[in-house]
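Below you'll find the structure, written out as structure tokens, and then a few comments.
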Amino acid sequence: MSDDVTIDGFSRSTFTHGGYERPVYSGGSGPAVIVIHEVPGLHPGVVSFGRRVVDRGFHVRMPSLFGTPNQAVSGGYIARSMFGGCVAREFSTWALHRTSPVIEWLRALAADAHESCGGPGVGAVGMCFTGGFALGMMVDDHLQAPVLSQPSLPLPVGSQRKAAVGLSDADLERVKQRAADGACLLGLRFTHDAAVPPARFETLRRELGDNFIAVEIDSSPGNAFGFKRSAHSVLTLEFVDEPGHPTRDALDRVLAFFDERLQT
């Protein structure tokens, strides 16, 4: 990972917790939103999403967990990042009933952002490999607007993993308690995305009830917008910035969710 990459409109710093130090790119003002990048890294599509959140009136922090910040997506880059993520001890790629260790670092980053920015709480959005991390961060009361965009862990091999949500039993119970107290969670997926099986969203519906809000975009054969069966990245690689397009509608729903939960 490069230590000297700059991103226009964002300042670079480092955040340390639990013995781990990682780069964080910050910009904007207002209540804080943590934007957690997908595979292969903090690529330009994720940065563009972060800018939209800044323009909406929020302070955005984008940690770089793997890959090279602002590097364009390519097949080789994806493969290298996937391999690195699968072998890293910080990510629970296969385990059932286990919260990824990196979430503790993200929770600390969110707590620091809330202390700095104030407001009713913090938002967080994870994508793909990190898609479920906002769910794990939800154990803290200040996490008020969690968004799961195509949550892909644990890797969906076998029926149990397809239905799993990547949390320990204790953390899931805490999340359920928060939902019972009124906390809400937003989830995004394409309907035929093999990396995010429907069973995973069914688990969230069963455990969280109406407090889980699902946005599912039709990617079945012959769908109206021509999405491929492999469509995956709702807010970045598949995003089309046109009114009425389902990915634009999904983005608008995410931004409205942040408004509802974070703006006083």
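Every chain in the structure tokens takes a letter, A first, then B, and so on in the order presented; its residues are numbered from 1, and the ligands are numbered from 1 following the presented order.
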Next on the checklist: DSSP on the backbone: which residues in stretch 27-72 of chain A end up as alpha helix (DSSP H)? Give the answer as number ranges by chain.
Outcome noted: A: 44-55
If we count only C-alpha atoms, what is near A:Ser168 at a cut-off of 8 Å, once residues fewer than 6 positions away on the same chain are taken out, given as a PDB file with N, CA and C atoms, in the first residue's frame?
```pdb
ATOM      1  N   LEU A  96     -17.878 -18.909  10.388  1.00  0.00           N
ATOM      2  CA  LEU A  96     -19.255 -18.659  10.804  1.00  0.00           C
ATOM      3  C   LEU A  96     -19.277 -18.134  12.234  1.00  0.00           C
ATOM      4  N   HIS A  97     -20.251 -17.263  12.538  1.00  0.00           N
ATOM      5  CA  HIS A  97     -20.442 -16.754  13.899  1.00  0.00           C
ATOM      6  C   HIS A  97     -19.170 -16.077  14.433  1.00  0.00           C
ATOM      7  N   ARG A  98     -18.518 -15.310  13.566  1.00  0.00           N
ATOM      8  CA  ARG A  98     -17.310 -14.603  13.983  1.00  0.00           C
ATOM      9  C   ARG A  98     -17.295 -13.221  13.345  1.00  0.00           C
ATOM     10  N   THR A  99     -17.031 -12.205  14.164  1.00  0.00           N
ATOM     11  CA  THR A  99     -16.928 -10.833  13.684  1.00  0.00           C
ATOM     12  C   THR A  99     -15.494 -10.567  13.226  1.00  0.00           C
TER      13      THR A  99
END
```
Checklist entry - Looking only at the backbone, which of the residues in stretch 16-108 of chain A does DSSP tag as strand (DSSP E or B), as a PyMOL selection string? => result chain A and resi 16-17+20-27+32-35+59-63
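Remark: for A:Pro40, the closest of the candidate residues A:Pro198, A:Pro156, A:Gly75, A:Pro101 is A:Gly75 (distances computed over only C-alpha atoms).
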Next on the checklist: Would you pick out the contacts of A:His17 at 7 Å or less, using only C-alpha atoms, so that residues sharing its chain but fewer than 3 positions from it are not included, and give the list as a list in words?
Outcome noted: Tyr20, Glu21, Trp105 and Ala108 of chain A
Please, could you write that set of residues out with C-alpha atoms as a PDB file, in the first residue's frame?
```pdb
ATOM      1  CA  TYR A  20      -2.938  -1.052  13.794  1.00  0.00           C
ATOM      2  CA  GLU A  21      -2.230   2.169  11.882  1.00  0.00           C
ATOM      3  CA  TRP A 105     -10.538  -0.643  14.458  1.00  0.00           C
ATOM      4  CA  ALA A 108     -12.756   3.194  17.106  1.00  0.00           C
TER       5      ALA A 108
END
```
Checklist entry - Neighbours of A:Thr68 within 12 Å (only C-alpha atoms; same-chain residues fewer than 5 positions away dropped), as a VMD selection string? => result chain A and resid 1 to 7 23 37 to 44 63 73 77 to 78 80 to 81
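You can rank A:Gly131, A:Gly57, A:Val165, A:Pro120 by their closest distance to A:Arg206 using only C-alpha atoms, and at the top of that list sits A:Val165.
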Next on the checklist: What does the structure give for the distance between atom CA of A:Leu153 and atom CA of A:Phe257, in Å to one decimal?
Outcome noted: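 Interatomic distance, atom CA of A:Leu153 to atom CA of A:Phe257: 23.3 Å.
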At most 12 Å is the cut-off: for each residue in stretch 36-78 of chain A with any atom that close to an atom of stretch 110-118 of chain A, write down the nearest atom pair and the distance in Å rounded to one decimal, counting only C-alpha atoms, chain first then increasing number, as a tab-separated table.
```
residue	atom	partner	partner_atom	distance
A:Ile36	CA	A:Ala110	CA	11.3
A:Phe58	CA	A:Cys117	CA	9.4
A:His59	CA	A:Cys117	CA	7.6
A:Val60	CA	A:Ala113	CA	9.0
A:Arg61	CA	A:Ala113	CA	8.0
A:Met62	CA	A:Ala110	CA	10.8
A:Pro63	CA	A:Ala110	CA	10.8
```
Next on the checklist: For a quick check of understanding, using only C-alpha atoms, which of A:Ile103, A:Val175, A:Ala95, A:Val139 has the smallest distance to A:Arg161?
Outcome noted: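 Among A:Ile103, A:Val175, A:Ala95, A:Val139, it is A:Ala95 that comes nearest to A:Arg161.
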Next on the checklist: List as a list of chain:residue names the protein and nucleic acid residues near stretch 217-229 of chain A, meaning an atom at most 10 Å away when only C-alpha atoms are counted, but skip any in the same chain fewer than 6 places from it.
Outcome noted: A:Leu188, A:Arg189, A:Phe190, A:Thr191, A:His192, A:Asp193, A:Ala194, A:Glu238, A:His245, A:Pro246, A:Thr247, A:Asp249, A:Ala250
Take the selection from the previous step and output its residues with N, CA and C atoms, as a PDB file, in the first residue's frame.
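Wrote it out as selection.pdb, contents follow:
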```pdb
ATOM      1  N   LEU A 188     -28.313  -3.150   0.416  1.00  0.00           N
ATOM      2  CA  LEU A 188     -28.424  -3.042  -1.040  1.00  0.00           C
ATOM      3  C   LEU A 188     -27.839  -4.288  -1.695  1.00  0.00           C
ATOM      4  N   ARG A 189     -28.518  -4.785  -2.727  1.00  0.00           N
ATOM      5  CA  ARG A 189     -27.973  -5.910  -3.497  1.00  0.00           C
ATOM      6  C   ARG A 189     -28.681  -6.009  -4.841  1.00  0.00           C
ATOM      7  N   PHE A 190     -27.999  -6.662  -5.794  1.00  0.00           N
ATOM      8  CA  PHE A 190     -28.640  -7.077  -7.030  1.00  0.00           C
ATOM      9  C   PHE A 190     -29.230  -8.466  -6.813  1.00  0.00           C
ATOM     10  N   THR A 191     -30.391  -8.717  -7.385  1.00  0.00           N
ATOM     11  CA  THR A 191     -31.138  -9.925  -7.054  1.00  0.00           C
ATOM     12  C   THR A 191     -30.434 -11.213  -7.463  1.00  0.00           C
ATOM     13  N   HIS A 192     -29.585 -11.178  -8.509  1.00  0.00           N
ATOM     14  CA  HIS A 192     -28.918 -12.392  -8.974  1.00  0.00           C
ATOM     15  C   HIS A 192     -27.413 -12.368  -8.690  1.00  0.00           C
ATOM     16  N   ASP A 193     -27.011 -11.568  -7.715  1.00  0.00           N
ATOM     17  CA  ASP A 193     -25.596 -11.499  -7.332  1.00  0.00           C
ATOM     18  C   ASP A 193     -25.241 -12.744  -6.529  1.00  0.00           C
ATOM     19  N   ALA A 194     -24.413 -13.612  -7.096  1.00  0.00           N
ATOM     20  CA  ALA A 194     -24.047 -14.855  -6.415  1.00  0.00           C
ATOM     21  C   ALA A 194     -23.240 -14.599  -5.152  1.00  0.00           C
ATOM     22  N   GLU A 238     -21.341  -0.331 -11.011  1.00  0.00           N
ATOM     23  CA  GLU A 238     -22.574  -0.468 -11.790  1.00  0.00           C
ATOM     24  C   GLU A 238     -23.400   0.819 -11.781  1.00  0.00           C
ATOM     25  N   HIS A 245     -32.895   5.711 -12.916  1.00  0.00           N
ATOM     26  CA  HIS A 245     -32.107   4.477 -12.979  1.00  0.00           C
ATOM     27  C   HIS A 245     -32.072   3.855 -11.587  1.00  0.00           C
ATOM     28  N   PRO A 246     -32.202   2.533 -11.453  1.00  0.00           N
ATOM     29  CA  PRO A 246     -32.288   1.939 -10.118  1.00  0.00           C
ATOM     30  C   PRO A 246     -31.050   2.146  -9.249  1.00  0.00           C
ATOM     31  N   THR A 247     -29.872   2.265  -9.851  1.00  0.00           N
ATOM     32  CA  THR A 247     -28.691   2.536  -9.015  1.00  0.00           C
ATOM     33  C   THR A 247     -28.700   3.977  -8.513  1.00  0.00           C
ATOM     34  N   ASP A 249     -31.488   5.585  -7.916  1.00  0.00           N
ATOM     35  CA  ASP A 249     -32.501   5.529  -6.861  1.00  0.00           C
ATOM     36  C   ASP A 249     -31.902   4.976  -5.565  1.00  0.00           C
ATOM     37  N   ALA A 250     -31.030   3.967  -5.689  1.00  0.00           N
ATOM     38  CA  ALA A 250     -30.383   3.392  -4.508  1.00  0.00           C
ATOM     39  C   ALA A 250     -29.494   4.418  -3.826  1.00  0.00           C
TER      40      ALA A 250
END
```
Checklist entry - So which residues touch A:Leu185 within 9 Å, counting only C-alpha atoms, skipping near sequence neighbours fewer than 5 positions away, as a PyMOL selection string? => result chain A and resi 134-135+138+144-148+179+208+211-214
Selection above as a file: C-alpha atoms, as a PDB file, in the first residue's frame:
```pdb
ATOM      1  CA  ALA A 134     -21.332  -1.516   9.160  1.00  0.00           C
ATOM      2  CA  LEU A 135     -23.482  -4.223  10.777  1.00  0.00           C
ATOM      3  CA  MET A 138     -23.770  -1.163  14.901  1.00  0.00           C
ATOM      4  CA  GLN A 144     -26.985   5.506  13.776  1.00  0.00           C
ATOM      5  CA  ALA A 145     -27.016   4.970   9.996  1.00  0.00           C
ATOM      6  CA  PRO A 146     -25.458   1.651   8.914  1.00  0.00           C
ATOM      7  CA  VAL A 147     -25.568   0.734   5.214  1.00  0.00           C
ATOM      8  CA  LEU A 148     -24.628  -2.692   3.835  1.00  0.00           C
ATOM      9  CA  ALA A 179     -33.088  -2.736  16.290  1.00  0.00           C
ATOM     10  CA  LEU A 208     -34.220  -7.406  12.571  1.00  0.00           C
ATOM     11  CA  ASN A 211     -35.899  -2.285  10.969  1.00  0.00           C
ATOM     12  CA  PHE A 212     -33.965  -3.867   8.109  1.00  0.00           C
ATOM     13  CA  ILE A 213     -34.713  -1.916   4.918  1.00  0.00           C
ATOM     14  CA  ALA A 214     -33.782  -3.866   1.786  1.00  0.00           C
TER      15      ALA A 214
END
```
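You can rank A:Leu106, A:Leu237, A:Ala199, A:Leu251 by their closest distance to A:Gly45 using only C-alpha atoms, and at the top of that list sits A:Leu237.
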